[in-house]
$ cat target-v7.cif   # mmCIF, C-alpha atoms and all ligand atoms
data_coords
loop_
_atom_site.label_atom_id
_atom_site.label_comp_id
_atom_site.auth_asym_id
_atom_site.auth_seq_id
_atom_site.Cartn_x
_atom_site.Cartn_y
_atom_site.Cartn_z
CA MET A 347 -13.95 8.79 0.27
CA ARG A 348 -17.39 7.60 -0.79
CA TYR A 349 -18.07 5.01 -3.43
CA THR A 350 -18.77 6.76 -6.75
CA PRO A 351 -20.56 4.56 -9.28
CA SER A 352 -18.93 6.21 -12.32
CA VAL A 353 -15.35 5.39 -11.28
CA PRO A 354 -14.21 1.87 -12.22
CA VAL A 355 -13.29 -0.74 -9.66
CA LEU A 356 -10.17 -2.64 -10.73
CA PRO A 357 -9.72 -6.39 -10.30
CA ILE A 358 -7.41 -7.26 -7.40
CA VAL A 359 -4.50 -9.59 -8.14
CA ILE A 360 -4.33 -12.54 -5.77
CA GLY A 361 -1.65 -15.07 -4.84
CA ARG A 362 1.61 -15.11 -2.93
CA ASN A 363 3.62 -16.18 -6.01
CA THR A 364 1.96 -13.96 -8.62
CA LYS A 365 4.68 -12.25 -10.66
CA VAL A 366 3.38 -8.67 -10.53
CA LEU A 367 3.08 -8.90 -6.73
CA ARG A 368 6.73 -9.99 -6.58
CA THR A 369 8.08 -7.28 -8.90
CA LYS A 370 9.73 -4.15 -7.46
CA THR A 371 7.89 -1.06 -8.71
CA LYS A 372 9.41 1.86 -10.61
CA ASP A 373 9.27 5.53 -9.58
CA VAL A 374 6.68 7.64 -11.35
CA PRO A 375 8.63 10.29 -13.34
CA LYS A 376 5.67 12.62 -13.80
CA ILE A 377 2.08 12.71 -12.54
CA THR A 378 0.24 12.60 -15.84
CA LYS A 379 -3.50 12.50 -16.51
CA GLU A 380 -3.19 8.73 -16.80
CA ILE A 381 -1.50 8.46 -13.37
CA LYS A 382 -4.24 10.62 -11.83
CA GLU A 383 -6.82 8.31 -13.33
CA LEU A 384 -5.00 5.26 -11.94
CA ILE A 385 -4.97 6.89 -8.47
CA ARG A 386 -8.70 7.63 -8.72
CA ASN A 387 -9.45 4.03 -9.73
CA MET A 388 -7.20 2.63 -6.99
CA LYS A 389 -9.00 4.73 -4.35
CA GLN A 390 -12.34 3.51 -5.61
CA THR A 391 -11.09 -0.07 -5.57
CA THR A 392 -9.89 0.31 -1.96
CA VAL A 393 -13.30 1.62 -0.92
CA ALA A 394 -15.13 -1.18 -2.75
CA ALA A 395 -12.89 -3.83 -1.16
CA LYS A 396 -13.21 -2.16 2.29
CA GLY A 397 -9.42 -2.14 2.50
CA ALA A 398 -7.15 0.06 4.61
CA GLY A 399 -4.80 0.39 1.66
CA LEU A 400 -3.87 -0.79 -1.79
CA ALA A 401 -0.64 -0.83 -3.79
CA ALA A 402 -0.28 -0.60 -7.59
CA PRO A 403 0.97 -4.22 -8.03
CA GLN A 404 -2.34 -5.38 -6.53
CA VAL A 405 -4.11 -3.93 -9.56
CA ASN A 406 -1.53 -5.36 -11.96
CA ARG A 407 0.61 -2.21 -12.29
CA SER A 408 4.25 -1.59 -11.51
CA GLU A 409 4.29 2.12 -10.72
CA ARG A 410 5.48 3.15 -7.24
CA ILE A 411 2.03 4.23 -6.03
CA CYS A 412 -0.11 3.20 -3.10
CA ILE A 413 -3.22 4.26 -1.25
CA ALA A 414 -3.11 4.19 2.55
CA MET A 415 -5.61 4.99 5.29
CA ILE A 416 -3.97 7.90 7.13
CA SER A 417 -5.98 9.70 9.84
CA LYS A 418 -9.01 7.68 8.62
CA LYS A 419 -8.68 9.13 5.11
CA LEU A 420 -7.57 7.22 2.01
CA THR A 421 -4.41 9.03 0.98
CA PRO A 422 -2.49 8.45 -2.28
CA LEU A 423 1.29 8.22 -1.95
CA VAL A 424 3.38 8.55 -5.11
CA ASN A 425 7.02 7.37 -4.94
CA PRO A 426 6.84 6.82 -1.17
CA ASN A 427 9.99 6.10 0.80
CA ILE A 428 10.19 5.37 4.49
CA ILE A 429 13.18 7.45 5.58
CA TRP A 430 13.05 6.58 9.29
CA ARG A 431 11.64 3.70 11.35
CA SER A 432 11.48 3.60 15.15
CA LYS A 433 13.37 0.87 16.95
CA GLU A 434 10.26 0.34 19.01
CA THR A 435 8.00 -2.24 17.39
CA ASP A 436 4.68 -3.89 18.00
CA THR A 437 3.07 -7.06 16.70
CA VAL A 438 -0.47 -7.00 15.33
CA GLU A 439 -2.54 -9.31 13.13
CA GLU A 440 -2.66 -8.20 9.50
CA GLY A 441 -4.50 -9.30 6.41
CA CYS A 442 -3.96 -8.48 2.75
CA LEU A 443 -6.48 -8.06 -0.08
CA SER A 444 -4.18 -10.20 -2.27
CA LEU A 445 -4.09 -13.07 0.25
CA PRO A 446 -7.74 -13.71 1.14
CA ASP A 447 -8.59 -15.46 4.42
CA LEU A 448 -5.02 -15.24 5.74
CA TRP A 449 -4.25 -13.39 8.97
CA LEU A 450 -0.72 -13.19 10.33
CA GLN A 451 0.98 -11.56 13.29
CA ILE A 452 3.40 -9.01 11.85
CA THR A 453 6.03 -7.07 13.78
CA ARG A 454 6.57 -3.51 12.53
CA SER A 455 7.96 -0.20 13.74
CA CYS A 456 5.50 1.82 15.82
CA ASP A 457 6.55 5.13 14.23
CA ILE A 458 7.90 6.03 10.81
CA ILE A 459 8.66 9.05 8.65
CA VAL A 460 7.53 8.67 5.04
CA LYS A 461 8.43 10.96 2.15
CA PHE A 462 6.26 10.97 -0.97
CA LEU A 463 4.56 13.06 -3.62
CA SER A 464 0.89 13.95 -3.29
CA GLU A 465 -1.43 13.27 -6.23
CA THR A 466 -0.81 16.85 -7.37
CA GLY A 467 2.96 16.33 -7.27
CA LYS A 468 3.71 18.18 -4.02
CA GLU A 469 6.59 16.84 -1.94
CA ARG A 470 5.36 15.74 1.46
CA GLU A 471 6.85 14.24 4.59
CA LEU A 472 4.71 12.73 7.36
CA LYS A 473 5.51 11.27 10.74
CA LEU A 474 3.05 8.45 11.39
CA SER A 475 2.30 6.25 14.38
CA ASP A 476 0.53 3.00 15.22
CA PHE A 477 -2.20 2.01 12.72
CA ASP A 478 -1.25 4.68 10.13
CA ALA A 479 2.43 3.69 10.31
CA ARG A 480 1.52 0.01 9.99
CA VAL A 481 -0.65 0.51 6.90
CA VAL A 482 2.06 2.53 5.14
CA GLN A 483 4.72 -0.09 5.98
CA HIS A 484 2.46 -2.83 4.58
CA GLU A 485 1.82 -0.89 1.36
CA VAL A 486 5.46 0.14 0.86
CA ASP A 487 6.36 -3.54 1.26
CA HIS A 488 4.07 -4.27 -1.70
CA LEU A 489 5.99 -1.71 -3.77
CA GLU A 490 9.16 -3.74 -3.05
CA GLY A 491 7.48 -7.04 -3.96
CA VAL A 492 7.21 -8.09 -0.31
CA LEU A 493 4.10 -9.80 1.14
CA ILE A 494 3.11 -10.56 4.75
CA VAL A 495 3.85 -14.28 4.23
CA ASP A 496 7.53 -13.32 3.90
CA TYR A 497 7.59 -12.54 7.63
CA HIS A 498 6.62 -16.15 8.37
CA LYS A 499 8.67 -18.04 5.81
CA GLU A 500 9.59 -20.82 8.22
CA ASN A 501 5.91 -21.74 8.81
CA LEU A 502 4.43 -21.31 5.36
CA MET A 503 6.86 -22.77 2.86
ZN ZN B 1 -1.46 -6.20 1.12
#

$ encode --input "target-v7.cif" --output "C-alpha cells"
Amino acid sequence: MRYTPSVPVLPIVIGRNTKVLRTKTKDVPKITKEIKELIRNMKQTTVAAKGAGLAAPQVNRSERICIAMISKKLTPLVNPNIIWRSKETDTVEEGCLSLPDLWLQITRSCDIIVKFLSETGKERELKLSDFDARVVQHEVDHLEGVLIVDYHKENLM
C-alpha cells in the first residue's frame, strides 16, 4: 500500500508498561464504517512508520484488529486467532514500534494457521510460514497484551 496524504496517521503508543498495550482486546462484533476507517488509518500508520505490522492497542484502541505484512502486502486481520502452531521453531531478532531501539531474539513457531475476518467481513483461514508467520504471531501477541520483552523477563526486569 502506498502512502496517501489524505488518510490520517495515528500516534503510536510507546512503553512496555502502558496500560492499553497490556489490555486484552475485545472481538469486533460487526465491521462498521467506523471499523473500516480505523483499519484504513492503521494501514496508513504502518506504512508511515515503515512497520511490518501494527495492532490496535498500539494506536490506543482495544478492538481485536491488526495489520500484518503477508506475502509483502499489508493485510488487515479482524478477530484473528492462531488455531495451529508448528512444533518447529526458529529464533530471530525482532523489534516493535512500541518499544523503540530495542531488538530481541524471539523464538516462535515456523508455521501457523490463522483464522480471521477480512476487512469486508469474509471468514478466512491462512497457513503461513517463516516471516509471515512471525509477523502474525507478534501482532496477535499484542492483541493479548503481550510484548516481546515478556519473552526475556529474566534479563529485563
Ligand atoms: Zn509490536

$ closest_atom_pairs --input "target-v7.cif" --of "chain A" --to "ligand ZN 1 (chain B)" --cutoff "10 Å" --atoms "all atoms listed in the file" --output "CSV"
residue,atom,partner,partner_atom,distance
A:Ile360,CA,B:ZN1,ZN,9.8
A:Leu367,CA,B:ZN1,ZN,9.5
A:Gly397,CA,B:ZN1,ZN,9.0
A:Ala398,CA,B:ZN1,ZN,9.2
A:Gly399,CA,B:ZN1,ZN,7.4
A:Leu400,CA,B:ZN1,ZN,6.6
A:Ala401,CA,B:ZN1,ZN,7.3
A:Pro403,CA,B:ZN1,ZN,9.7
A:Gln404,CA,B:ZN1,ZN,7.7
A:Glu440,CA,B:ZN1,ZN,8.7
A:Gly441,CA,B:ZN1,ZN,6.8
A:Cys442,CA,B:ZN1,ZN,3.8
A:Leu443,CA,B:ZN1,ZN,5.5
A:Ser444,CA,B:ZN1,ZN,5.9
A:Leu445,CA,B:ZN1,ZN,7.4
A:Pro446,CA,B:ZN1,ZN,9.8
A:Val481,CA,B:ZN1,ZN,8.9
A:Gln483,CA,B:ZN1,ZN,10.0
A:His484,CA,B:ZN1,ZN,6.2
A:Glu485,CA,B:ZN1,ZN,6.2
A:Val486,CA,B:ZN1,ZN,9.4
A:Asp487,CA,B:ZN1,ZN,8.3
A:His488,CA,B:ZN1,ZN,6.5
A:Leu489,CA,B:ZN1,ZN,10.0
A:Val492,CA,B:ZN1,ZN,9.0
A:Leu493,CA,B:ZN1,ZN,6.6
A:Ile494,CA,B:ZN1,ZN,7.3

$ residues_around --input "target-v7.cif" --residues "stretch 380-389 of chain A" --least-positions-apart "5" --cutoff "10 Å" --atoms "only C-alpha atoms" --output "CSV table (one decimal) with C-alpha atoms, in the coordinates of the input"
chain,number,residue,atom,x,y,z
A,347,MET,CA,-14.0,8.8,0.3
A,348,ARG,CA,-17.4,7.6,-0.8
A,349,TYR,CA,-18.1,5.0,-3.4
A,353,VAL,CA,-15.4,5.4,-11.3
A,354,PRO,CA,-14.2,1.9,-12.2
A,355,VAL,CA,-13.3,-0.7,-9.7
A,356,LEU,CA,-10.2,-2.6,-10.7
A,357,PRO,CA,-9.7,-6.4,-10.3
A,358,ILE,CA,-7.4,-7.3,-7.4
A,374,VAL,CA,6.7,7.6,-11.4
A,394,ALA,CA,-15.1,-1.2,-2.8
A,395,ALA,CA,-12.9,-3.8,-1.2
A,397,GLY,CA,-9.4,-2.1,2.5
A,399,GLY,CA,-4.8,0.4,1.7
A,400,LEU,CA,-3.9,-0.8,-1.8
A,401,ALA,CA,-0.6,-0.8,-3.8
A,402,ALA,CA,-0.3,-0.6,-7.6
A,404,GLN,CA,-2.3,-5.4,-6.5
A,405,VAL,CA,-4.1,-3.9,-9.6
A,407,ARG,CA,0.6,-2.2,-12.3
A,409,GLU,CA,4.3,2.1,-10.7
A,411,ILE,CA,2.0,4.2,-6.0
A,412,CYS,CA,-0.1,3.2,-3.1
A,413,ILE,CA,-3.2,4.3,-1.2
A,414,ALA,CA,-3.1,4.2,2.6
A,420,LEU,CA,-7.6,7.2,2.0
A,421,THR,CA,-4.4,9.0,1.0
A,422,PRO,CA,-2.5,8.4,-2.3
A,423,LEU,CA,1.3,8.2,-2.0
A,424,VAL,CA,3.4,8.6,-5.1
A,465,GLU,CA,-1.4,13.3,-6.2
A,466,THR,CA,-0.8,16.8,-7.4

$ atom_distance --input "target-v7.cif" --atom1 "atom CA of A:Thr437" --atom2 "atom CA of A:Trp449"
12.4 Å

$ residues_around --input "target-v7.cif" --residues "A:Glu434" --least-positions-apart "6" --cutoff "9 Å" --atoms "only C-alpha atoms" --output "mmCIF file with C-alpha atoms, in the coordinates of the input"
data_model
loop_
_atom_site.group_PDB
_atom_site.id
_atom_site.type_symbol
_atom_site.label_atom_id
_atom_site.label_comp_id
_atom_site.auth_asym_id
_atom_site.auth_seq_id
_atom_site.Cartn_x
_atom_site.Cartn_y
_atom_site.Cartn_z
ATOM 1 C CA ARG A 454 6.570 -3.510 12.530
ATOM 2 C CA SER A 455 7.960 -0.200 13.740
ATOM 3 C CA CYS A 456 5.500 1.820 15.820
ATOM 4 C CA ASP A 457 6.550 5.130 14.230
#

$ residues_near_point --input "target-v7.cif" --point "(10.0, 8.3, 6.0)" --cutoff "8 Å" --atoms "only C-alpha atoms" --output "number ranges by chain"
A: 426-431, 458-461, 471-473

$ closest_residue --input "target-v7.cif" --among "A:Arg480, A:Lys365, A:Lys372, A:Arg410" --to "A:Val438" --atoms "all atoms listed in the file"
A:Arg480

$ axis_aligned_box --input "target-v7.cif" --around "stretch 400-416 of chain A" --padding-each-side "6 Å" --output "AutoDock Vina command-line options"
--center_x -0.1 --center_y 1.3 --center_z -2.6 --size_x 23.1 --size_y 25.3 --size_z 31.4

$ atom_distance --input "target-v7.cif" --atom1 "atom CA of A:Asp373" --atom2 "atom CA of A:Thr435"
28.1 Å

$ atom_distance --input "target-v7.cif" --atom1 "atom CA of A:Ile377" --atom2 "atom CA of A:Gly361"
29.1 Å

$ closest_residue --input "target-v7.cif" --among "A:Thr453, A:Ser352, A:Ser432, A:Thr391" --to "A:His498" --atoms "only C-alpha atoms"
A:Thr453

$ closest_residue --input "target-v7.cif" --among "A:Thr350, A:Arg368, A:Tyr497, A:Val482" --to "A:Phe462" --atoms "all atoms listed in the file"
A:Val482
